[in-house]
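*Asks:* File follows, run-v6.cif with mmCIF, N, CA and C atoms and all ligand atoms:
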```cif
data_target
loop_
_atom_site.group_PDB
_atom_site.id
_atom_site.type_symbol
_atom_site.label_atom_id
_atom_site.label_comp_id
_atom_site.auth_asym_id
_atom_site.auth_seq_id
_atom_site.Cartn_x
_atom_site.Cartn_y
_atom_site.Cartn_z
ATOM 1 N N MET V 1 14.898 -83.824 233.704
ATOM 2 C CA MET V 1 15.626 -84.936 233.074
ATOM 3 C C MET V 1 15.339 -86.234 233.806
ATOM 4 N N GLY V 2 15.216 -87.284 233.069
ATOM 5 C CA GLY V 2 14.968 -88.582 233.684
ATOM 6 C C GLY V 2 16.261 -89.264 234.082
ATOM 7 N N VAL V 3 16.156 -90.565 234.202
ATOM 8 C CA VAL V 3 17.325 -91.349 234.585
ATOM 9 C C VAL V 3 18.237 -91.470 233.374
ATOM 10 N N ARG V 4 19.501 -91.365 233.653
ATOM 11 C CA ARG V 4 20.458 -91.514 232.557
ATOM 12 C C ARG V 4 20.506 -92.972 232.109
ATOM 13 N N LEU V 5 20.538 -93.157 230.834
ATOM 14 C CA LEU V 5 20.572 -94.518 230.295
ATOM 15 C C LEU V 5 21.995 -95.016 230.112
ATOM 16 N N PHE V 6 22.899 -94.109 229.934
ATOM 17 C CA PHE V 6 24.270 -94.484 229.586
ATOM 18 C C PHE V 6 25.275 -93.709 230.420
ATOM 19 N N ARG V 7 26.500 -94.210 230.380
ATOM 20 C CA ARG V 7 27.595 -93.474 231.005
ATOM 21 C C ARG V 7 28.794 -93.600 230.097
ATOM 22 N N TRP V 8 29.761 -92.695 230.340
ATOM 23 C CA TRP V 8 30.956 -92.708 229.500
ATOM 24 C C TRP V 8 31.895 -93.811 229.949
ATOM 25 N N PHE V 9 32.605 -94.355 228.983
ATOM 26 C CA PHE V 9 33.499 -95.465 229.254
ATOM 27 C C PHE V 9 34.698 -95.346 228.325
ATOM 28 N N PRO V 10 35.892 -95.057 228.889
ATOM 29 C CA PRO V 10 37.065 -94.942 228.020
ATOM 30 C C PRO V 10 37.552 -96.305 227.547
ATOM 31 N N ALA V 11 37.677 -96.468 226.263
ATOM 32 C CA ALA V 11 38.150 -97.722 225.687
ATOM 33 C C ALA V 11 38.731 -97.455 224.318
ATOM 34 N N ASP V 12 39.889 -98.057 224.072
ATOM 35 C CA ASP V 12 40.422 -98.058 222.722
ATOM 36 C C ASP V 12 40.662 -96.644 222.176
ATOM 37 N N GLY V 13 41.095 -95.734 223.054
ATOM 38 C CA GLY V 13 41.465 -94.400 222.596
ATOM 39 C C GLY V 13 40.323 -93.417 222.465
ATOM 40 N N ARG V 14 39.120 -93.836 222.870
ATOM 41 C CA ARG V 14 37.965 -92.939 222.773
ATOM 42 C C ARG V 14 37.105 -93.094 224.022
ATOM 43 N N ARG V 15 36.332 -92.051 224.272
ATOM 44 C CA ARG V 15 35.351 -92.169 225.351
ATOM 45 C C ARG V 15 34.043 -92.623 224.724
ATOM 46 N N HIS V 16 33.698 -93.861 225.005
ATOM 47 C CA HIS V 16 32.475 -94.429 224.456
ATOM 48 C C HIS V 16 31.380 -94.359 225.514
ATOM 49 N N ALA V 17 30.173 -94.637 225.084
ATOM 50 C CA ALA V 17 29.052 -94.706 226.018
ATOM 51 C C ALA V 17 28.623 -96.162 226.163
ATOM 52 N N ILE V 18 28.354 -96.561 227.413
ATOM 53 C CA ILE V 18 27.864 -97.914 227.673
ATOM 54 C C ILE V 18 26.607 -97.802 228.528
ATOM 55 N N PRO V 19 25.755 -98.825 228.500
ATOM 56 C CA PRO V 19 24.557 -98.786 229.343
ATOM 57 C C PRO V 19 24.937 -98.716 230.820
ATOM 58 N N VAL V 20 24.192 -97.913 231.577
ATOM 59 C CA VAL V 20 24.526 -97.711 232.990
ATOM 60 C C VAL V 20 24.411 -98.992 233.801
ATOM 61 N N GLU V 21 23.598 -99.944 233.338
ATOM 62 C CA GLU V 21 23.404 -101.149 234.144
ATOM 63 C C GLU V 21 24.613 -102.071 234.143
ATOM 64 N N LEU V 22 25.580 -101.816 233.260
ATOM 65 C CA LEU V 22 26.778 -102.641 233.263
ATOM 66 C C LEU V 22 27.631 -102.310 234.484
ATOM 67 N N VAL V 23 28.007 -103.354 235.236
ATOM 68 C CA VAL V 23 28.847 -103.148 236.408
ATOM 69 C C VAL V 23 30.166 -103.879 236.215
ATOM 70 N N VAL V 24 31.058 -103.725 237.202
ATOM 71 C CA VAL V 24 32.399 -104.303 237.120
ATOM 72 C C VAL V 24 32.354 -105.780 236.743
ATOM 73 N N SER V 25 33.191 -106.128 235.783
ATOM 74 C CA SER V 25 33.380 -107.478 235.239
ATOM 75 C C SER V 25 32.227 -107.929 234.334
ATOM 76 N N ASP V 26 31.253 -107.062 234.132
ATOM 77 C CA ASP V 26 30.201 -107.379 233.161
ATOM 78 C C ASP V 26 30.767 -107.279 231.751
ATOM 79 N N GLU V 27 30.250 -108.117 230.873
ATOM 80 C CA GLU V 27 30.611 -108.001 229.468
ATOM 81 C C GLU V 27 29.466 -107.327 228.743
ATOM 82 N N GLY V 28 29.843 -106.447 227.855
ATOM 83 C CA GLY V 28 28.799 -105.721 227.126
ATOM 84 C C GLY V 28 29.403 -105.111 225.894
ATOM 85 N N ALA V 29 28.786 -104.067 225.430
ATOM 86 C CA ALA V 29 29.290 -103.395 224.250
ATOM 87 C C ALA V 29 28.991 -101.910 224.365
ATOM 88 N N THR V 30 29.841 -101.130 223.719
ATOM 89 C CA THR V 30 29.594 -99.696 223.665
ATOM 90 C C THR V 30 28.441 -99.451 222.693
ATOM 91 N N LEU V 31 27.940 -98.248 222.682
ATOM 92 C CA LEU V 31 26.827 -97.940 221.788
ATOM 93 C C LEU V 31 27.220 -98.050 220.322
ATOM 94 N N CYS V 32 28.513 -97.959 220.053
ATOM 95 C CA CYS V 32 28.953 -98.082 218.666
ATOM 96 C C CYS V 32 29.372 -99.512 218.338
ATOM 97 N N GLY V 33 29.191 -100.424 219.310
ATOM 98 C CA GLY V 33 29.391 -101.832 219.011
ATOM 99 C C GLY V 33 30.726 -102.436 219.379
ATOM 100 N N VAL V 34 31.560 -101.711 220.145
ATOM 101 C CA VAL V 34 32.837 -102.277 220.559
ATOM 102 C C VAL V 34 32.601 -103.172 221.781
ATOM 103 N N PRO V 35 32.947 -104.462 221.707
ATOM 104 C CA PRO V 35 32.747 -105.323 222.873
ATOM 105 C C PRO V 35 33.706 -104.948 223.996
ATOM 106 N N ILE V 36 33.188 -104.861 225.209
ATOM 107 C CA ILE V 36 34.012 -104.446 226.348
ATOM 108 C C ILE V 36 33.682 -105.298 227.570
ATOM 109 N N THR V 37 34.650 -105.328 228.488
ATOM 110 C CA THR V 37 34.407 -105.897 229.800
ATOM 111 C C THR V 37 34.676 -104.767 230.778
ATOM 112 N N VAL V 38 33.759 -104.511 231.678
ATOM 113 C CA VAL V 38 33.911 -103.377 232.585
ATOM 114 C C VAL V 38 35.021 -103.679 233.594
ATOM 115 N N PRO V 39 36.078 -102.861 233.615
ATOM 116 C CA PRO V 39 37.184 -103.102 234.549
ATOM 117 C C PRO V 39 36.854 -102.593 235.944
ATOM 118 N N ARG V 40 37.649 -103.059 236.900
ATOM 119 C CA ARG V 40 37.454 -102.614 238.277
ATOM 120 C C ARG V 40 37.802 -101.136 238.410
ATOM 121 N N GLU V 41 38.851 -100.722 237.688
ATOM 122 C CA GLU V 41 39.290 -99.333 237.789
ATOM 123 C C GLU V 41 38.382 -98.446 236.952
ATOM 124 N N ARG V 42 38.315 -97.212 237.353
ATOM 125 C CA ARG V 42 37.462 -96.256 236.654
ATOM 126 C C ARG V 42 38.155 -95.654 235.424
ATOM 127 N N GLY V 43 39.417 -95.952 235.264
ATOM 128 C CA GLY V 43 40.125 -95.374 234.126
ATOM 129 C C GLY V 43 41.059 -94.274 234.591
ATOM 130 N N THR V 44 42.147 -94.117 233.894
ATOM 131 C CA THR V 44 43.112 -93.094 234.273
ATOM 132 C C THR V 44 42.656 -91.728 233.798
ATOM 133 N N LYS V 45 43.324 -90.717 234.341
ATOM 134 C CA LYS V 45 42.994 -89.342 233.944
ATOM 135 C C LYS V 45 43.209 -89.148 232.443
ATOM 136 N N ALA V 46 44.279 -89.745 231.954
ATOM 137 C CA ALA V 46 44.582 -89.623 230.527
ATOM 138 C C ALA V 46 43.476 -90.242 229.689
ATOM 139 N N GLU V 47 42.956 -91.365 230.165
ATOM 140 C CA GLU V 47 41.899 -92.036 229.409
ATOM 141 C C GLU V 47 40.638 -91.179 229.330
ATOM 142 N N TRP V 48 40.378 -90.451 230.425
ATOM 143 C CA TRP V 48 39.192 -89.598 230.418
ATOM 144 C C TRP V 48 39.382 -88.360 229.557
ATOM 145 N N CYS V 49 40.584 -88.137 229.092
ATOM 146 C CA CYS V 49 40.831 -87.017 228.185
ATOM 147 C C CYS V 49 40.748 -87.449 226.729
ATOM 148 N N TRP V 50 40.494 -88.742 226.524
ATOM 149 C CA TRP V 50 40.370 -89.206 225.148
ATOM 150 C C TRP V 50 39.185 -88.529 224.486
ATOM 151 N N PRO V 51 39.229 -88.382 223.166
ATOM 152 C CA PRO V 51 38.109 -87.729 222.474
ATOM 153 C C PRO V 51 36.844 -88.574 222.561
ATOM 154 N N THR V 52 35.714 -87.904 222.536
ATOM 155 C CA THR V 52 34.423 -88.569 222.587
ATOM 156 C C THR V 52 34.175 -89.322 221.286
ATOM 157 N N CYS V 53 33.700 -90.549 221.427
ATOM 158 C CA CYS V 53 33.345 -91.331 220.242
ATOM 159 C C CYS V 53 32.105 -90.705 219.617
ATOM 160 N N PRO V 54 32.191 -90.215 218.395
ATOM 161 C CA PRO V 54 31.036 -89.524 217.786
ATOM 162 C C PRO V 54 29.847 -90.446 217.599
ATOM 163 N N THR V 55 30.103 -91.724 217.324
ATOM 164 C CA THR V 55 28.993 -92.662 217.119
ATOM 165 C C THR V 55 28.230 -92.857 218.412
ATOM 166 N N CYS V 56 28.965 -93.090 219.516
ATOM 167 C CA CYS V 56 28.319 -93.269 220.810
ATOM 168 C C CYS V 56 27.541 -92.009 221.189
ATOM 169 N N ASP V 57 28.145 -90.877 220.942
ATOM 170 C CA ASP V 57 27.512 -89.607 221.274
ATOM 171 C C ASP V 57 26.194 -89.463 220.525
ATOM 172 N N ALA V 58 26.225 -89.800 219.227
ATOM 173 C CA ALA V 58 25.032 -89.670 218.389
ATOM 174 C C ALA V 58 23.943 -90.642 218.844
ATOM 175 N N VAL V 59 24.347 -91.895 219.133
ATOM 176 C CA VAL V 59 23.364 -92.901 219.548
ATOM 177 C C VAL V 59 22.755 -92.506 220.886
ATOM 178 N N TRP V 60 23.616 -92.056 221.799
ATOM 179 C CA TRP V 60 23.142 -91.625 223.119
ATOM 180 C C TRP V 60 22.095 -90.515 222.975
ATOM 181 N N ARG V 61 22.434 -89.511 222.195
ATOM 182 C CA ARG V 61 21.523 -88.385 222.009
ATOM 183 C C ARG V 61 20.194 -88.844 221.420
ATOM 184 N N LYS V 62 20.267 -89.755 220.469
ATOM 185 C CA LYS V 62 19.058 -90.251 219.822
ATOM 186 C C LYS V 62 18.189 -91.001 220.837
ATOM 187 N N ARG V 63 18.830 -91.860 221.644
ATOM 188 C CA ARG V 63 18.086 -92.672 222.605
ATOM 189 C C ARG V 63 17.439 -91.805 223.673
ATOM 190 N N GLU V 64 18.104 -90.719 224.031
ATOM 191 C CA GLU V 64 17.561 -89.869 225.083
ATOM 192 C C GLU V 64 16.770 -88.691 224.512
ATOM 193 N N GLY V 65 16.625 -88.675 223.214
ATOM 194 C CA GLY V 65 15.823 -87.639 222.580
ATOM 195 C C GLY V 65 16.455 -86.266 222.619
ATOM 196 N N LEU V 66 17.777 -86.225 222.666
ATOM 197 C CA LEU V 66 18.469 -84.937 222.690
ATOM 198 C C LEU V 66 18.807 -84.518 221.260
ATOM 199 N N ALA V 67 19.005 -83.243 221.112
ATOM 200 C CA ALA V 67 19.384 -82.734 219.805
ATOM 201 C C ALA V 67 20.783 -83.234 219.468
ATOM 202 N N PRO V 68 20.990 -83.566 218.208
ATOM 203 C CA PRO V 68 22.333 -84.019 217.821
ATOM 204 C C PRO V 68 23.356 -82.916 218.006
ATOM 205 N N ALA V 69 24.589 -83.345 218.244
ATOM 206 C CA ALA V 69 25.658 -82.370 218.431
ATOM 207 C C ALA V 69 25.867 -81.595 217.146
ATOM 208 N N PRO V 70 26.109 -80.287 217.276
ATOM 209 C CA PRO V 70 26.397 -79.520 216.059
ATOM 210 C C PRO V 70 27.667 -80.038 215.412
ATOM 211 N N VAL V 71 27.549 -80.338 214.158
ATOM 212 C CA VAL V 71 28.693 -80.909 213.453
ATOM 213 C C VAL V 71 29.505 -79.792 212.825
ATOM 214 N N ARG V 72 30.772 -79.751 213.205
ATOM 215 C CA ARG V 72 31.661 -78.782 212.578
ATOM 216 C C ARG V 72 32.663 -79.572 211.776
ATOM 217 N N ALA V 73 32.655 -79.362 210.498
ATOM 218 C CA ALA V 73 33.479 -80.160 209.601
ATOM 219 C C ALA V 73 34.943 -80.121 210.023
ATOM 220 N N SER V 74 35.517 -81.288 210.075
ATOM 221 C CA SER V 74 36.946 -81.511 210.313
ATOM 222 C C SER V 74 37.428 -81.014 211.675
ATOM 223 N N VAL V 75 36.516 -80.611 212.542
ATOM 224 C CA VAL V 75 36.930 -80.237 213.888
ATOM 225 C C VAL V 75 36.453 -81.333 214.847
ATOM 226 N N PRO V 76 37.363 -81.969 215.556
ATOM 227 C CA PRO V 76 36.949 -83.045 216.467
ATOM 228 C C PRO V 76 36.101 -82.509 217.612
ATOM 229 N N ALA V 77 35.214 -83.340 218.104
ATOM 230 C CA ALA V 77 34.342 -82.955 219.206
ATOM 231 C C ALA V 77 35.184 -82.495 220.396
ATOM 232 N N ARG V 78 34.855 -81.318 220.912
ATOM 233 C CA ARG V 78 35.578 -80.759 222.038
ATOM 234 C C ARG V 78 35.139 -81.445 223.325
ATOM 235 N N ALA V 79 36.073 -82.024 224.021
ATOM 236 C CA ALA V 79 35.765 -82.590 225.328
ATOM 237 C C ALA V 79 35.755 -81.446 226.331
ATOM 238 N N SER V 80 35.085 -81.659 227.463
ATOM 239 C CA SER V 80 35.044 -80.611 228.475
ATOM 240 C C SER V 80 36.438 -80.403 229.063
ATOM 241 N N VAL V 81 37.214 -81.481 229.091
ATOM 242 C CA VAL V 81 38.599 -81.386 229.531
ATOM 243 C C VAL V 81 39.444 -81.260 228.270
ATOM 244 N N PRO V 82 40.330 -80.278 228.219
ATOM 245 C CA PRO V 82 41.134 -80.140 227.000
ATOM 246 C C PRO V 82 41.972 -81.388 226.752
ATOM 247 N N ALA V 83 41.750 -81.989 225.621
ATOM 248 C CA ALA V 83 42.494 -83.200 225.286
ATOM 249 C C ALA V 83 43.933 -82.844 224.950
ATOM 250 N N ARG V 84 44.836 -83.703 225.417
ATOM 251 C CA ARG V 84 46.228 -83.444 225.095
ATOM 252 C C ARG V 84 46.552 -84.167 223.797
ATOM 253 N N VAL V 85 46.716 -83.380 222.766
ATOM 254 C CA VAL V 85 46.994 -83.946 221.460
ATOM 255 C C VAL V 85 48.492 -84.178 221.350
ATOM 256 N N PRO V 86 48.861 -85.409 220.983
ATOM 257 C CA PRO V 86 50.306 -85.644 220.833
ATOM 258 C C PRO V 86 50.872 -84.795 219.708
ATOM 259 N N VAL V 87 51.870 -84.022 220.051
ATOM 260 C CA VAL V 87 52.500 -83.144 219.070
ATOM 261 C C VAL V 87 53.625 -83.930 218.406
ATOM 262 N N PRO V 88 53.675 -83.895 217.073
ATOM 263 C CA PRO V 88 54.769 -84.604 216.410
ATOM 264 C C PRO V 88 56.114 -84.072 216.870
ATOM 265 N N ALA V 89 57.008 -84.995 217.166
ATOM 266 C CA ALA V 89 58.317 -84.601 217.676
ATOM 267 C C ALA V 89 59.116 -83.912 216.577
ATOM 268 N N ARG V 90 59.077 -82.614 216.647
ATOM 269 C CA ARG V 90 59.859 -81.858 215.671
ATOM 270 C C ARG V 90 60.538 -80.741 216.440
ATOM 271 N N ALA V 91 61.816 -80.629 216.301
ATOM 272 C CA ALA V 91 62.552 -79.621 217.043
ATOM 273 C C ALA V 91 62.171 -78.236 216.526
ATOM 274 N N PRO V 92 61.971 -77.295 217.446
ATOM 275 C CA PRO V 92 61.676 -75.936 216.983
ATOM 276 C C PRO V 92 62.860 -75.350 216.237
ATOM 277 N N VAL V 93 62.541 -74.470 215.313
ATOM 278 C CA VAL V 93 63.604 -73.852 214.528
ATOM 279 C C VAL V 93 64.375 -72.904 215.441
ATOM 280 N N PRO V 94 65.672 -73.103 215.572
ATOM 281 C CA PRO V 94 66.439 -72.235 216.471
ATOM 282 C C PRO V 94 66.472 -70.804 215.951
ATOM 283 N N MET V 95 66.240 -69.855 216.874
ATOM 284 C CA MET V 95 66.240 -68.456 216.477
ATOM 285 C C MET V 95 67.667 -67.939 216.359
ATOM 286 N N ARG V 96 68.504 -68.471 217.245
ATOM 287 C CA ARG V 96 69.910 -68.069 217.208
ATOM 288 C C ARG V 96 70.750 -69.274 216.803
ATOM 289 N N ALA V 97 72.024 -69.052 216.719
ATOM 290 C CA ALA V 97 72.916 -70.146 216.390
ATOM 291 C C ALA V 97 72.792 -71.232 217.446
ATOM 292 N N PRO V 98 72.672 -72.467 217.037
ATOM 293 C CA PRO V 98 72.537 -73.545 218.019
ATOM 294 C C PRO V 98 73.768 -73.685 218.895
ATOM 295 N N VAL V 99 73.535 -74.043 220.133
ATOM 296 C CA VAL V 99 74.636 -74.249 221.064
ATOM 297 C C VAL V 99 75.366 -75.532 220.637
ATOM 298 N N PRO V 100 76.680 -75.446 220.439
ATOM 299 C CA PRO V 100 77.406 -76.651 220.009
ATOM 300 C C PRO V 100 77.301 -77.745 221.076
ATOM 301 N N VAL V 101 77.041 -78.938 220.621
ATOM 302 C CA VAL V 101 76.943 -80.078 221.538
ATOM 303 C C VAL V 101 78.348 -80.623 221.750
ATOM 304 N N ARG V 102 78.707 -80.727 223.030
ATOM 305 C CA ARG V 102 80.041 -81.205 223.325
ATOM 306 C C ARG V 102 80.109 -82.714 223.127
ATOM 307 N N ALA V 103 81.015 -83.145 222.282
ATOM 308 C CA ALA V 103 81.178 -84.580 222.048
ATOM 309 C C ALA V 103 81.866 -85.205 223.249
ATOM 310 N N ARG V 104 81.425 -86.417 223.557
ATOM 311 C CA ARG V 104 82.028 -87.065 224.743
ATOM 312 C C ARG V 104 83.112 -88.024 224.277
HETATM 313 ZN ZN ZN V 201 31.829 -95.567 220.656
#
```
Translate the structure described by the file into structure tokens.
Ligand SMILES: [Zn+2]
*Replies:*
Amino acid sequence: MGVRLFRWFPADGRRHAIPVELVVSDEGATLCGVPITVPRERGTKAEWCWPTCPTCDAVWRKREGLAPAPVRASVPARASVPARVPVPARAPVPMRAPVPVRAR
């Protein structure tokens, strides 16, 4: 493998790819065209769990001559780190009679 052309960059809820030559405070754009400024911080753990931007992934693969990711309909790209999907706040159905809430 040669030199990597891009690196991952969490922005706007997705992990995008940006050119490796971009350094802190540089202005640039992700491979899918989102304008970004490289922050001093590397990003939080939560940000690195964001789903991979499919456009950036596809462009990256094309530029580096890699095979495109296998597309599985309606299944989001699996990150190496299990993404924490926000679960809609819905109370589980109680199996037994609910405990009465004491009024104050
Ligand atoms: Zn992107």
*Asks:* Show me a table, sorted first by chain and then by increasing residue number, of the residues of chain V having an atom at most 6 Å from ligand ZN 201 (chain V), each with its shortest atom pair and the distance in Å to one decimal, counting all atoms listed in the file and written as JSON lines.
*Replies:*
```
{"residue": "V:Arg15", "atom": "C", "partner": "V:ZN201", "partner_atom": "ZN", "distance": 5.5}
{"residue": "V:His16", "atom": "CA", "partner": "V:ZN201", "partner_atom": "ZN", "distance": 4.0}
{"residue": "V:Ala17", "atom": "N", "partner": "V:ZN201", "partner_atom": "ZN", "distance": 4.8}
{"residue": "V:Thr30", "atom": "C", "partner": "V:ZN201", "partner_atom": "ZN", "distance": 5.5}
{"residue": "V:Leu31", "atom": "N", "partner": "V:ZN201", "partner_atom": "ZN", "distance": 5.1}
{"residue": "V:Cys32", "atom": "N", "partner": "V:ZN201", "partner_atom": "ZN", "distance": 4.1}
{"residue": "V:Gly33", "atom": "N", "partner": "V:ZN201", "partner_atom": "ZN", "distance": 5.7}
{"residue": "V:Cys53", "atom": "CA", "partner": "V:ZN201", "partner_atom": "ZN", "distance": 4.5}
{"residue": "V:Pro54", "atom": "N", "partner": "V:ZN201", "partner_atom": "ZN", "distance": 5.8}
{"residue": "V:Thr55", "atom": "C", "partner": "V:ZN201", "partner_atom": "ZN", "distance": 5.0}
{"residue": "V:Cys56", "atom": "N", "partner": "V:ZN201", "partner_atom": "ZN", "distance": 4.0}
{"residue": "V:Asp57", "atom": "N", "partner": "V:ZN201", "partner_atom": "ZN", "distance": 6.0}
```
*Asks:* Give me the residues within 6 Å of range 4-14 of chain V as a ChimeraX atom specification, counting all atoms listed in the file and dropping any in the same chain fewer than 5 places off.
*Replies:* /V:19-20,47,50-53
*Asks:* Just to confirm, what's the straight-line distance from atom C of Val24 in chain V to atom N of Glu41 in chain V in Å (one decimal)?
*Replies:*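 Distance between the two atoms: 8.3 Å.
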*Asks:* Just the number, please: distance in Å from atom N of Leu22 in chain V to atom N of Val38 in chain V, one decimal.
*Replies:*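 These two atoms are separated by 8.8 Å.
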*Asks:* Using Å and a single decimal, report how far atom N of Ala69 in chain V sits from atom N of Ile36 in chain V.
*Replies:* 24.2 Å
*Asks:* Taking only range 14-65 of chain V into account, list the residues labelled helix (DSSP H, G or I) by DSSP (computed from the backbone), as a PyMOL selection string.
*Replies:* chain V and resi 45-48+54-63
*Asks:* Given the file shown, determine the residues that the PyMOL selection byres (((chain V and resi 25) around 6) and not hetatm) selects; report them as a list of chain:residue names.
*Replies:*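 On the file shown, the PyMOL selection byres (((chain V and resi 25) around 6) and not hetatm) covers V:Val23, V:Val24, V:Asp26, V:Glu27, V:Thr37, V:Val38, V:Pro39, V:Arg40.
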